[in-house]
>>> print(open('run-v1.cif').read())   # mmCIF, C-alpha atoms
data_entry
loop_
_atom_site.group_PDB
_atom_site.id
_atom_site.type_symbol
_atom_site.label_atom_id
_atom_site.label_comp_id
_atom_site.auth_asym_id
_atom_site.auth_seq_id
_atom_site.Cartn_x
_atom_site.Cartn_y
_atom_site.Cartn_z
ATOM 1 C CA MET Y 176 145.021 133.091 110.256
ATOM 2 C CA ALA Y 177 143.197 130.885 107.794
ATOM 3 C CA ARG Y 178 139.439 131.019 107.764
ATOM 4 C CA PRO Y 179 138.225 127.981 109.698
ATOM 5 C CA VAL Y 180 136.280 125.432 107.674
ATOM 6 C CA ASP Y 181 132.697 124.654 108.570
ATOM 7 C CA ASP Y 182 133.501 121.686 110.814
ATOM 8 C CA LEU Y 183 136.149 123.422 112.882
ATOM 9 C CA GLU Y 184 133.975 126.362 113.780
ATOM 10 C CA THR Y 185 132.403 126.288 117.192
ATOM 11 C CA PRO Y 186 129.131 128.084 116.614
ATOM 12 C CA ASP Y 187 127.451 129.833 119.486
ATOM 13 C CA PRO Y 188 124.695 127.713 121.125
ATOM 14 C CA ARG Y 189 122.176 130.545 121.039
ATOM 15 C CA SER Y 190 122.504 131.085 117.291
ATOM 16 C CA MET Y 191 122.445 127.316 116.661
ATOM 17 C CA LEU Y 192 119.232 127.042 118.674
ATOM 18 C CA ALA Y 193 117.734 129.825 116.545
ATOM 19 C CA VAL Y 194 118.828 127.958 113.370
ATOM 20 C CA ALA Y 195 117.216 124.706 114.605
ATOM 21 C CA ASP Y 196 113.949 126.443 115.579
ATOM 22 C CA GLU Y 197 113.746 128.451 112.368
ATOM 23 C CA GLN Y 198 114.481 125.514 110.074
ATOM 24 C CA SER Y 199 112.158 123.086 111.807
ATOM 25 C CA ARG Y 200 109.321 125.648 111.728
ATOM 26 C CA HIS Y 201 109.962 126.281 108.025
ATOM 27 C CA ALA Y 202 110.013 122.537 107.265
ATOM 28 C CA ARG Y 203 106.839 121.833 109.279
ATOM 29 C CA ASN Y 204 104.978 124.673 107.531
ATOM 30 C CA GLU Y 205 106.022 123.439 104.090
ATOM 31 C CA LEU Y 206 105.440 119.729 104.764
ATOM 32 C CA HIS Y 207 102.008 120.099 106.354
ATOM 33 C CA PRO Y 208 99.035 120.835 104.082
ATOM 34 C CA ARG Y 209 97.576 124.340 104.365
ATOM 35 C CA THR Y 210 94.293 123.093 105.856
ATOM 36 C CA GLU Y 211 93.022 126.659 106.323
ATOM 37 C CA LEU Y 212 92.867 127.045 102.513
ATOM 38 C CA MET Y 213 90.843 123.835 102.225
ATOM 39 C CA TYR Y 214 88.360 124.903 104.931
ATOM 40 C CA LEU Y 215 88.083 128.324 103.293
ATOM 41 C CA ALA Y 216 87.299 126.876 99.848
ATOM 42 C CA TRP Y 217 84.767 124.361 101.212
ATOM 43 C CA GLY Y 218 83.247 126.962 103.549
ATOM 44 C CA VAL Y 219 82.562 129.279 100.614
ATOM 45 C CA ALA Y 220 81.175 126.361 98.557
ATOM 46 C CA TRP Y 221 78.734 125.346 101.309
ATOM 47 C CA LEU Y 222 77.741 128.871 102.271
ATOM 48 C CA VAL Y 223 77.110 130.097 98.736
ATOM 49 C CA GLY Y 224 76.006 126.748 97.221
ATOM 50 C CA PHE Y 225 73.459 125.785 99.880
ATOM 51 C CA GLY Y 226 72.633 129.480 100.228
ATOM 52 C CA ALA Y 227 71.635 129.451 96.539
ATOM 53 C CA PHE Y 228 69.292 126.495 97.227
ATOM 54 C CA ALA Y 229 67.801 128.407 100.170
ATOM 55 C CA ALA Y 230 67.227 131.360 97.824
ATOM 56 C CA ALA Y 231 65.601 129.042 95.256
ATOM 57 C CA GLU Y 232 63.235 127.597 97.897
ATOM 58 C CA ARG Y 233 61.756 130.964 98.914
ATOM 59 C CA THR Y 234 58.078 131.632 98.141
ATOM 60 C CA ASP Y 235 59.389 134.241 95.687
ATOM 61 C CA PRO Y 236 62.455 132.328 94.395
ATOM 62 C CA MET Y 237 65.497 134.512 93.746
ATOM 63 C CA VAL Y 238 67.162 131.865 91.541
ATOM 64 C CA SER Y 239 66.010 128.628 89.909
ATOM 65 C CA ARG Y 240 66.915 125.256 91.458
ATOM 66 C CA SER Y 241 69.016 124.401 88.405
ATOM 67 C CA ILE Y 242 71.084 127.581 88.843
ATOM 68 C CA ALA Y 243 71.498 126.690 92.521
ATOM 69 C CA GLY Y 244 72.600 123.167 91.575
ATOM 70 C CA LEU Y 245 75.091 124.543 89.072
ATOM 71 C CA THR Y 246 76.453 127.021 91.652
ATOM 72 C CA LEU Y 247 76.961 124.295 94.277
ATOM 73 C CA GLY Y 248 78.506 121.945 91.690
ATOM 74 C CA VAL Y 249 80.993 124.480 90.342
ATOM 75 C CA LEU Y 250 82.025 125.668 93.826
ATOM 76 C CA CYS Y 251 82.487 122.085 95.059
ATOM 77 C CA ALA Y 252 84.630 121.281 92.007
ATOM 78 C CA ALA Y 253 86.739 124.379 92.744
ATOM 79 C CA ALA Y 254 87.083 123.397 96.415
ATOM 80 C CA ALA Y 255 88.077 119.839 95.430
ATOM 81 C CA THR Y 256 90.745 121.310 93.124
ATOM 82 C CA VAL Y 257 92.086 123.519 95.936
ATOM 83 C CA THR Y 258 92.206 120.450 98.221
ATOM 84 C CA ILE Y 259 94.131 118.364 95.685
ATOM 85 C CA LEU Y 260 96.633 121.164 94.978
ATOM 86 C CA VAL Y 261 97.212 121.878 98.682
ATOM 87 C CA VAL Y 262 97.784 118.194 99.513
ATOM 88 C CA ARG Y 263 100.007 117.591 96.474
ATOM 89 C CA ARG Y 264 102.156 120.610 97.309
ATOM 90 C CA ALA Y 265 102.743 119.431 100.883
ATOM 91 C CA ALA Y 266 103.228 115.766 99.954
ATOM 92 C CA ALA Y 267 105.650 116.323 97.041
ATOM 93 C CA GLY Y 268 108.742 114.175 97.498
ATOM 94 C CA VAL Y 269 107.458 112.527 100.690
ATOM 95 C CA GLN Y 270 107.309 108.742 100.736
ATOM 96 C CA GLY Y 271 106.497 106.201 103.416
ATOM 97 C CA THR Y 272 104.010 105.876 106.250
ATOM 98 C CA SER Y 273 102.221 109.192 105.735
ATOM 99 C CA SER Y 274 101.872 108.827 101.965
ATOM 100 C CA ARG Y 275 100.349 105.347 102.430
ATOM 101 C CA LEU Y 276 97.988 106.783 105.060
ATOM 102 C CA GLY Y 277 97.127 109.661 102.717
ATOM 103 C CA ILE Y 278 96.221 107.300 99.863
ATOM 104 C CA LEU Y 279 93.934 105.251 102.115
ATOM 105 C CA TYR Y 280 92.380 108.397 103.559
ATOM 106 C CA GLY Y 281 91.818 109.895 100.085
ATOM 107 C CA GLY Y 282 90.284 106.585 99.013
ATOM 108 C CA SER Y 283 87.823 106.727 101.898
ATOM 109 C CA TRP Y 284 86.542 110.097 100.585
ATOM 110 C CA LEU Y 285 86.046 108.691 97.077
ATOM 111 C CA LEU Y 286 84.359 105.549 98.370
ATOM 112 C CA GLY Y 287 82.245 107.532 100.841
ATOM 113 C CA PHE Y 288 80.832 109.875 98.225
ATOM 114 C CA GLY Y 289 80.596 107.096 95.618
ATOM 115 C CA ALA Y 290 78.540 105.058 98.088
ATOM 116 C CA MET Y 291 76.400 108.110 98.831
ATOM 117 C CA ALA Y 292 75.553 108.528 95.132
ATOM 118 C CA ALA Y 293 74.693 104.821 94.885
ATOM 119 C CA ILE Y 294 72.565 104.992 98.055
ATOM 120 C CA MET Y 295 70.636 107.977 96.674
ATOM 121 C CA GLY Y 296 70.091 106.089 93.412
ATOM 122 C CA GLY Y 297 68.860 103.023 95.282
ATOM 123 C CA LEU Y 298 66.469 105.043 97.449
ATOM 124 C CA ASP Y 299 65.118 106.813 94.355
ATOM 125 C CA HIS Y 300 64.657 103.412 92.720
ATOM 126 C CA SER Y 301 62.742 102.097 95.732
ATOM 127 C CA GLY Y 302 60.306 104.999 95.474
ATOM 128 C CA LEU Y 303 61.411 107.433 98.186
ATOM 129 C CA PRO Y 304 59.641 110.765 97.584
ATOM 130 C CA GLU Y 305 61.708 113.421 95.823
ATOM 131 C CA ARG Y 306 61.560 115.843 98.770
ATOM 132 C CA ALA Y 307 62.974 113.179 101.078
ATOM 133 C CA LEU Y 308 65.794 112.595 98.596
ATOM 134 C CA ASP Y 309 66.458 116.350 98.454
ATOM 135 C CA LEU Y 310 66.748 116.439 102.236
ATOM 136 C CA LEU Y 311 69.054 113.390 102.270
ATOM 137 C CA SER Y 312 71.290 115.018 99.650
ATOM 138 C CA VAL Y 313 72.087 117.694 102.269
ATOM 139 C CA VAL Y 314 72.149 115.432 105.342
ATOM 140 C CA LEU Y 315 74.487 112.753 103.952
ATOM 141 C CA PRO Y 316 77.369 115.086 102.931
ATOM 142 C CA CYS Y 317 77.268 116.633 106.447
ATOM 143 C CA LEU Y 318 77.565 113.175 107.995
ATOM 144 C CA ILE Y 319 80.242 111.872 105.589
ATOM 145 C CA VAL Y 320 82.443 114.997 105.797
ATOM 146 C CA GLY Y 321 81.858 115.153 109.561
ATOM 147 C CA LEU Y 322 82.982 111.566 110.164
ATOM 148 C CA LEU Y 323 85.986 111.808 107.821
ATOM 149 C CA TYR Y 324 87.153 115.071 109.427
ATOM 150 C CA MET Y 325 86.892 113.461 112.851
ATOM 151 C CA GLY Y 326 88.931 110.497 111.579
ATOM 152 C CA GLY Y 327 91.472 112.804 109.909
ATOM 153 C CA GLY Y 328 91.732 114.934 113.034
ATOM 154 C CA ALA Y 329 92.414 111.805 115.081
ATOM 155 C CA ILE Y 330 95.033 110.399 112.651
ATOM 156 C CA TRP Y 331 96.963 113.653 112.189
ATOM 157 C CA GLN Y 332 96.293 114.953 115.704
ATOM 158 C CA GLN Y 333 94.539 118.095 114.543
ATOM 159 C CA PRO Y 334 92.062 119.214 117.198
ATOM 160 C CA THR Y 335 90.513 121.866 114.924
ATOM 161 C CA GLN Y 336 89.759 119.292 112.219
ATOM 162 C CA PHE Y 337 88.304 116.893 114.774
ATOM 163 C CA ALA Y 338 86.074 119.601 116.295
ATOM 164 C CA LEU Y 339 84.974 120.748 112.842
ATOM 165 C CA GLY Y 340 84.036 117.150 111.962
ATOM 166 C CA GLY Y 341 81.960 116.809 115.114
ATOM 167 C CA TRP Y 342 80.244 120.100 114.362
ATOM 168 C CA LEU Y 343 79.390 119.023 110.788
ATOM 169 C CA ALA Y 344 77.978 115.671 111.970
ATOM 170 C CA VAL Y 345 75.734 117.528 114.445
ATOM 171 C CA THR Y 346 74.846 119.976 111.645
ATOM 172 C CA GLY Y 347 73.651 116.960 109.622
ATOM 173 C CA ALA Y 348 71.243 116.051 112.401
ATOM 174 C CA ALA Y 349 70.040 119.666 112.661
ATOM 175 C CA VAL Y 350 69.515 119.758 108.876
ATOM 176 C CA ALA Y 351 67.350 116.610 109.042
ATOM 177 C CA TRP Y 352 65.213 117.955 111.890
ATOM 178 C CA ALA Y 353 64.872 121.397 110.289
ATOM 179 C CA GLY Y 354 63.367 119.766 107.199
ATOM 180 C CA LEU Y 355 62.944 121.481 103.831
ATOM 181 C CA PRO Y 356 63.203 124.282 102.927
ATOM 182 C CA GLU Y 357 64.983 125.501 106.115
ATOM 183 C CA ALA Y 358 67.494 122.631 105.801
ATOM 184 C CA TYR Y 359 69.414 124.528 103.099
ATOM 185 C CA LEU Y 360 69.796 127.602 105.278
ATOM 186 C CA VAL Y 361 71.020 125.462 108.219
ATOM 187 C CA ALA Y 362 73.579 123.735 105.965
ATOM 188 C CA ALA Y 363 74.735 127.084 104.535
ATOM 189 C CA LEU Y 364 75.063 128.908 107.858
ATOM 190 C CA ALA Y 365 76.018 126.159 110.328
ATOM 191 C CA GLY Y 366 77.958 123.989 107.829
ATOM 192 C CA GLY Y 367 79.533 126.655 105.628
ATOM 193 C CA GLY Y 368 79.892 129.060 108.549
ATOM 194 C CA GLY Y 369 81.502 126.322 110.667
ATOM 195 C CA LEU Y 370 84.066 125.613 107.934
ATOM 196 C CA LEU Y 371 84.889 129.337 107.672
ATOM 197 C CA VAL Y 372 85.334 129.545 111.453
ATOM 198 C CA GLY Y 373 87.637 126.493 111.186
ATOM 199 C CA ALA Y 374 89.705 128.329 108.542
ATOM 200 C CA LEU Y 375 89.908 131.402 110.778
ATOM 201 C CA VAL Y 376 90.994 129.352 113.817
ATOM 202 C CA GLU Y 377 93.744 127.673 111.762
ATOM 203 C CA MET Y 378 94.960 131.048 110.449
ATOM 204 C CA LEU Y 379 95.088 132.514 113.954
ATOM 205 C CA GLN Y 380 97.000 129.471 115.252
ATOM 206 C CA GLU Y 381 99.396 129.791 112.307
ATOM 207 C CA GLY Y 382 99.904 133.426 113.323
ATOM 208 C CA THR Y 383 100.773 132.616 116.943
ATOM 209 C CA ARG Y 384 103.198 129.876 115.840
ATOM 210 C CA GLY Y 385 104.918 132.551 113.732
ATOM 211 C CA MET F 35 127.661 120.165 136.646
ATOM 212 C CA SER F 36 129.897 120.167 133.542
ATOM 213 C CA PRO F 37 128.376 121.570 130.373
ATOM 214 C CA PRO F 38 126.798 118.912 128.141
ATOM 215 C CA GLU F 39 128.812 117.655 125.170
ATOM 216 C CA LEU F 40 127.525 118.869 121.811
ATOM 217 C CA ASP F 41 127.257 116.195 119.127
ATOM 218 C CA ALA F 42 129.978 117.159 116.617
ATOM 219 C CA VAL F 43 128.111 115.529 113.725
ATOM 220 C CA ILE F 44 125.121 117.869 114.156
ATOM 221 C CA HIS F 45 127.058 120.879 115.493
ATOM 222 C CA ALA F 46 127.603 122.508 112.067
ATOM 223 C CA GLU F 47 124.957 124.818 110.710
ATOM 224 C CA ALA F 48 124.372 122.981 107.426
ATOM 225 C CA ARG F 49 123.976 119.550 109.064
ATOM 226 C CA LEU F 50 121.807 120.987 111.825
ATOM 227 C CA ARG F 51 119.447 122.377 109.179
ATOM 228 C CA VAL F 52 119.391 119.045 107.290
ATOM 229 C CA THR F 53 118.654 117.149 110.509
ATOM 230 C CA ALA F 54 115.975 119.631 111.652
ATOM 231 C CA THR F 55 114.239 119.311 108.263
ATOM 232 C CA LEU F 56 114.251 115.505 108.242
ATOM 233 C CA ALA F 57 113.084 115.469 111.884
ATOM 234 C CA ALA F 58 110.001 117.458 110.811
ATOM 235 C CA LEU F 59 108.830 114.396 108.849
ATOM 236 C CA GLY F 60 106.732 111.741 110.554
ATOM 237 C CA VAL F 61 108.462 108.551 111.740
ATOM 238 C CA GLY F 62 108.637 106.138 108.801
ATOM 239 C CA ASP F 63 108.658 108.903 106.163
ATOM 240 C CA ARG F 64 111.463 109.760 103.770
ATOM 241 C CA LEU F 65 112.064 112.824 101.627
ATOM 242 C CA SER F 66 113.339 113.023 98.052
ATOM 243 C CA PHE F 67 116.681 114.728 97.482
ATOM 244 C CA PRO F 68 115.197 117.530 95.294
ATOM 245 C CA ARG F 69 112.470 118.355 97.856
ATOM 246 C CA LEU F 70 115.024 118.369 100.695
ATOM 247 C CA GLN F 71 117.239 120.631 98.630
ATOM 248 C CA SER F 72 114.381 123.071 97.990
ATOM 249 C CA LEU F 73 113.484 123.163 101.706
ATOM 250 C CA LEU F 74 117.118 123.956 102.545
ATOM 251 C CA LYS F 75 118.105 126.107 99.562
ATOM 252 C CA MET F 76 121.519 124.411 99.453
ATOM 253 C CA THR F 77 123.507 123.430 96.369
ATOM 254 C CA SER F 78 123.304 119.738 95.573
ATOM 255 C CA GLY F 79 127.069 119.252 95.977
ATOM 256 C CA ASN F 80 127.090 120.866 99.406
ATOM 257 C CA LEU F 81 123.999 118.923 100.484
ATOM 258 C CA SER F 82 125.517 115.621 99.282
ATOM 259 C CA THR F 83 128.684 116.228 101.289
ATOM 260 C CA HIS F 84 126.781 116.848 104.511
ATOM 261 C CA LEU F 85 124.403 113.944 103.889
ATOM 262 C CA ARG F 86 127.393 111.617 103.516
ATOM 263 C CA LYS F 87 128.667 112.667 106.954
ATOM 264 C CA LEU F 88 125.252 112.127 108.476
ATOM 265 C CA GLU F 89 125.013 108.751 106.748
ATOM 266 C CA ASP F 90 128.471 107.714 108.002
ATOM 267 C CA ALA F 91 127.379 108.573 111.546
ATOM 268 C CA GLY F 92 124.321 106.343 111.113
ATOM 269 C CA TYR F 93 121.924 109.294 111.457
ATOM 270 C CA VAL F 94 120.545 109.240 107.928
ATOM 271 C CA VAL F 95 119.633 106.321 105.699
ATOM 272 C CA VAL F 96 119.866 106.825 101.942
ATOM 273 C CA THR F 97 117.551 104.885 99.622
ATOM 274 C CA LYS F 98 117.898 104.981 95.861
ATOM 275 C CA VAL F 99 114.820 104.042 93.862
ATOM 276 C CA HIS F 100 113.758 104.201 90.234
ATOM 277 C CA GLU F 101 110.617 106.237 89.620
ATOM 278 C CA ASP F 102 109.448 106.257 85.995
ATOM 279 C CA ARG F 103 112.919 104.942 85.035
ATOM 280 C CA LYS F 104 114.440 108.016 86.707
ATOM 281 C CA PRO F 105 116.737 107.420 89.675
ATOM 282 C CA THR F 106 115.612 109.285 92.786
ATOM 283 C CA THR F 107 117.360 109.409 96.139
ATOM 284 C CA TYR F 108 115.327 109.410 99.346
ATOM 285 C CA LEU F 109 116.623 110.483 102.738
ATOM 286 C CA GLU F 110 115.294 109.402 106.096
ATOM 287 C CA LEU F 111 116.419 110.074 109.639
ATOM 288 C CA THR F 112 117.193 106.850 111.520
ATOM 289 C CA MET F 113 115.920 106.395 115.076
ATOM 290 C CA THR F 114 119.514 107.058 116.206
ATOM 291 C CA GLY F 115 119.526 110.285 114.179
ATOM 292 C CA ARG F 116 116.158 111.346 115.559
ATOM 293 C CA SER F 117 117.230 110.880 119.165
ATOM 294 C CA ALA F 118 120.638 112.475 118.490
ATOM 295 C CA TYR F 119 118.851 115.569 117.141
ATOM 296 C CA ALA F 120 116.534 115.721 120.172
ATOM 297 C CA ALA F 121 119.514 115.312 122.535
ATOM 298 C CA TYR F 122 121.459 118.002 120.664
ATOM 299 C CA VAL F 123 118.618 120.541 120.913
ATOM 300 C CA ASP F 124 118.185 119.712 124.623
ATOM 301 C CA ALA F 125 121.930 120.236 125.165
ATOM 302 C CA LEU F 126 121.738 123.636 123.414
ATOM 303 C CA ARG F 127 118.878 124.685 125.669
ATOM 304 C CA ASP F 128 120.969 123.754 128.705
ATOM 305 C CA LEU F 129 123.876 125.845 127.406
ATOM 306 C CA VAL F 130 121.863 128.982 126.685
ATOM 307 C CA PRO F 131 121.491 130.950 129.909
ATOM 308 C CA GLY F 132 117.952 131.779 130.932
ATOM 309 C CA LEU F 133 116.445 128.999 128.843
ATOM 310 C CA SER F 134 115.110 125.921 130.553
ATOM 311 C CA ARG F 135 114.056 122.802 128.736
ATOM 312 C CA PRO F 136 110.369 122.642 127.987
ATOM 313 C CA SER F 137 109.022 119.754 130.071
#
>>> encode(input="run-v1.cif", output="structure tokens")
Amino acid sequence: MARPVDDLETPDPRSMLAVADEQSRHARNELHPRTELMYLAWGVAWLVGFGAFAAAERTDPMVSRSIAGLTLGVLCAAAATVTILVVRRAAAGVQGTSSRLGILYGGSWLLGFGAMAAIMGGLDHSGLPERALDLLSVVLPCLIVGLLYMGGGAIWQQPTQFALGGWLAVTGAAVAWAGLPEAYLVAALAGGGGLLVGALVEMLQEGTRG
Amino acid sequence: MSPPELDAVIHAEARLRVTATLAALGVGDRLSFPRLQSLLKMTSGNLSTHLRKLEDAGYVVVTKVHEDRKPTTYLELTMTGRSAYAAYVDALRDLVPGLSRPS
């Protein structure tokens, strides 16, 4: 008997169901950005970066403010690189609605942080005391990231991202009320810690999905 | 009740995998041929053959574009293809004993 060609075979429903489940899980995993890696990178940047500022603000400073600034800057640049790589990997070869959404969403991050820099410059120009500017430079990122994560969570239906955004927005308020120098410690622990918890939650969910 | 009919276009392992992959995209998204091929680990000749059958059935729409003067083919599941895939998976669940459809 000749070996039946692909189309004439009548595959068993159970094995076909396994094929469909396996392939759609594989495709979803590959096509969706690894958000846990992004939260991990940003969590480390906030925890260590703002932690360095907290260490610089002690009565017996452990590091200088310029070292703290450099630490935060380098870690944020690394986290931004991780974010870009993760998104590019998932989005490679995808065109249409989601790539248009992604461009607009990416643009809102650039515009948000560009506006923040301009706002800080304007407030400096209008004579706001330096300590107030220092506090705002911690509060504003919490609010901007918080709002954009909530928006992203709503667009892509990611409850973890939405919850993380809400947490970071509330962290911004806590940072403002804590005032300097405690503000840095609040941002490091609540902000950075929150991002790391977000990464852990995503990893555990990934594990249960298989 | 008679067993549900299985859609012959999708009821072949290679085309089921192609359809499942394209169904993982959001509505309104299309995937480039090379990316689809890497997600499936199929040879391009084999993939082309199965895509043609899916296209003939009206399940897949093929778009050819020029990106940086290089021709690229994009594949997208049509609404018909999307619902055919969903119906096919539902029919499989009905056929497998002890499995009920998730509500």
>>> residues_around(input="run-v1.cif", residues="region 93-103 of chain F", least_positions_apart="3", cutoff="8 Å", atoms="only C-alpha atoms", output="list in words")
Leu85, Leu88, Glu89, Asp90, Thr106, Thr107, Tyr108, Leu109, Glu110, Leu111, Thr112, Met113, Thr114, Gly115, Arg116 and Ala118 of chain F
>>> write_last_selection(input="run-v1.cif", atoms="C-alpha atoms", output="short mmCIF file (atom, residue, chain, number, x, y, z; two decimals), in the coordinates of the input")
data_model
loop_
_atom_site.label_atom_id
_atom_site.label_comp_id
_atom_site.auth_asym_id
_atom_site.auth_seq_id
_atom_site.Cartn_x
_atom_site.Cartn_y
_atom_site.Cartn_z
CA LEU F 85 124.40 113.94 103.89
CA LEU F 88 125.25 112.13 108.48
CA GLU F 89 125.01 108.75 106.75
CA ASP F 90 128.47 107.71 108.00
CA THR F 106 115.61 109.28 92.79
CA THR F 107 117.36 109.41 96.14
CA TYR F 108 115.33 109.41 99.35
CA LEU F 109 116.62 110.48 102.74
CA GLU F 110 115.29 109.40 106.10
CA LEU F 111 116.42 110.07 109.64
CA THR F 112 117.19 106.85 111.52
CA MET F 113 115.92 106.40 115.08
CA THR F 114 119.51 107.06 116.21
CA GLY F 115 119.53 110.28 114.18
CA ARG F 116 116.16 111.35 115.56
CA ALA F 118 120.64 112.48 118.49
#
>>> closest_atom_pairs(input="run-v1.cif", of="chain F", to="chain Y", cutoff="7 Å", atoms="only C-alpha atoms", output="JSON lines")
{"residue": "F:Ala46", "atom": "CA", "partner": "Y:Asp182", "partner_atom": "CA", "distance": 6.1}
{"residue": "F:Glu47", "atom": "CA", "partner": "Y:Met191", "partner_atom": "CA", "distance": 6.9}
{"residue": "F:Leu50", "atom": "CA", "partner": "Y:Ala195", "partner_atom": "CA", "distance": 6.5}
{"residue": "F:Arg51", "atom": "CA", "partner": "Y:Gln198", "partner_atom": "CA", "distance": 5.9}
{"residue": "F:Ala54", "atom": "CA", "partner": "Y:Ser199", "partner_atom": "CA", "distance": 5.2}
{"residue": "F:Thr55", "atom": "CA", "partner": "Y:Ala202", "partner_atom": "CA", "distance": 5.4}
{"residue": "F:Ala58", "atom": "CA", "partner": "Y:Arg203", "partner_atom": "CA", "distance": 5.6}
{"residue": "F:Gly62", "atom": "CA", "partner": "Y:Thr272", "partner_atom": "CA", "distance": 5.3}
{"residue": "F:Asp63", "atom": "CA", "partner": "Y:Gly271", "partner_atom": "CA", "distance": 4.4}
{"residue": "F:Arg64", "atom": "CA", "partner": "Y:Gln270", "partner_atom": "CA", "distance": 5.2}
{"residue": "F:Leu65", "atom": "CA", "partner": "Y:Val269", "partner_atom": "CA", "distance": 4.7}
{"residue": "F:Ser66", "atom": "CA", "partner": "Y:Gly268", "partner_atom": "CA", "distance": 4.8}
{"residue": "F:Arg69", "atom": "CA", "partner": "Y:Gly268", "partner_atom": "CA", "distance": 5.6}
{"residue": "F:Leu73", "atom": "CA", "partner": "Y:Ala202", "partner_atom": "CA", "distance": 6.6}
{"residue": "F:Val123", "atom": "CA", "partner": "Y:Leu192", "partner_atom": "CA", "distance": 6.9}
{"residue": "F:Leu126", "atom": "CA", "partner": "Y:Pro188", "partner_atom": "CA", "distance": 5.5}
{"residue": "F:Leu129", "atom": "CA", "partner": "Y:Pro188", "partner_atom": "CA", "distance": 6.6}
{"residue": "F:Val130", "atom": "CA", "partner": "Y:Arg189", "partner_atom": "CA", "distance": 5.9}
>>> atom_distance(input="run-v1.cif", atom1="CA of Gly60 (chain F)", atom2="CA of Thr83 (chain F)")
24.2 Å
>>> atom_distance(input="run-v1.cif", atom1="CA of Leu355 (chain Y)", atom2="CA of Ala254 (chain Y)")
25.3 Å
>>> atom_distance(input="run-v1.cif", atom1="CA of Leu364 (chain Y)", atom2="CA of Trp221 (chain Y)")
8.3 Å
>>> resolve_selection(input="run-v1.cif", expression="the PyMOL selection byres ((chain F and resi 41) around 10)", output="PyMOL selection string")
chain F and resi 38-40+42-46+118-119+121-123+125
>>> resolve_selection(input="run-v1.cif", expression="the PyMOL selection byres ((chain Y and resi 310-326) around 6)", output="PyMOL selection string")
chain Y and resi 307-309+327-329+336-337+340-341+343-344+347
>>> write_last_selection(input="run-v1.cif", atoms="C-alpha atoms", output="PDB file, keeping the file's coordinate frame")
ATOM      1  CA  ALA Y 307      62.974 113.179 101.078  1.00  0.00           C
ATOM      2  CA  LEU Y 308      65.794 112.595  98.596  1.00  0.00           C
ATOM      3  CA  ASP Y 309      66.458 116.350  98.454  1.00  0.00           C
ATOM      4  CA  GLY Y 327      91.472 112.804 109.909  1.00  0.00           C
ATOM      5  CA  GLY Y 328      91.732 114.934 113.034  1.00  0.00           C
ATOM      6  CA  ALA Y 329      92.414 111.805 115.081  1.00  0.00           C
ATOM      7  CA  GLN Y 336      89.759 119.292 112.219  1.00  0.00           C
ATOM      8  CA  PHE Y 337      88.304 116.893 114.774  1.00  0.00           C
ATOM      9  CA  GLY Y 340      84.036 117.150 111.962  1.00  0.00           C
ATOM     10  CA  GLY Y 341      81.960 116.809 115.114  1.00  0.00           C
ATOM     11  CA  LEU Y 343      79.390 119.023 110.788  1.00  0.00           C
ATOM     12  CA  ALA Y 344      77.978 115.671 111.970  1.00  0.00           C
ATOM     13  CA  GLY Y 347      73.651 116.960 109.622  1.00  0.00           C
TER      14      GLY Y 347
END
>>> closest_residue(input="run-v1.cif", among="F:Asn80, F:Gly132, F:Ser117, F:Leu70", to="Leu56 (chain F)", atoms="only C-alpha atoms")
F:Leu70
>>> closest_residue(input="run-v1.cif", among="Y:Ala351, Y:Ile278, Y:Leu360, Y:Leu339", to="Ala231 (chain Y)", atoms="all atoms listed in the file")
Y:Leu360
>>> closest_residue(input="run-v1.cif", among="Y:Asp299, Y:Glu232, Y:Glu305, Y:Glu377", to="Leu215 (chain Y)", atoms="only C-alpha atoms")
Y:Glu377
>>> residues_around(input="run-v1.cif", residues="Arg209 (chain Y)", least_positions_apart="4", cutoff="12 Å", atoms="only C-alpha atoms", output="PyMOL selection string")
chain Y and resi 203-205+213-216+257-266+374+377-378+381
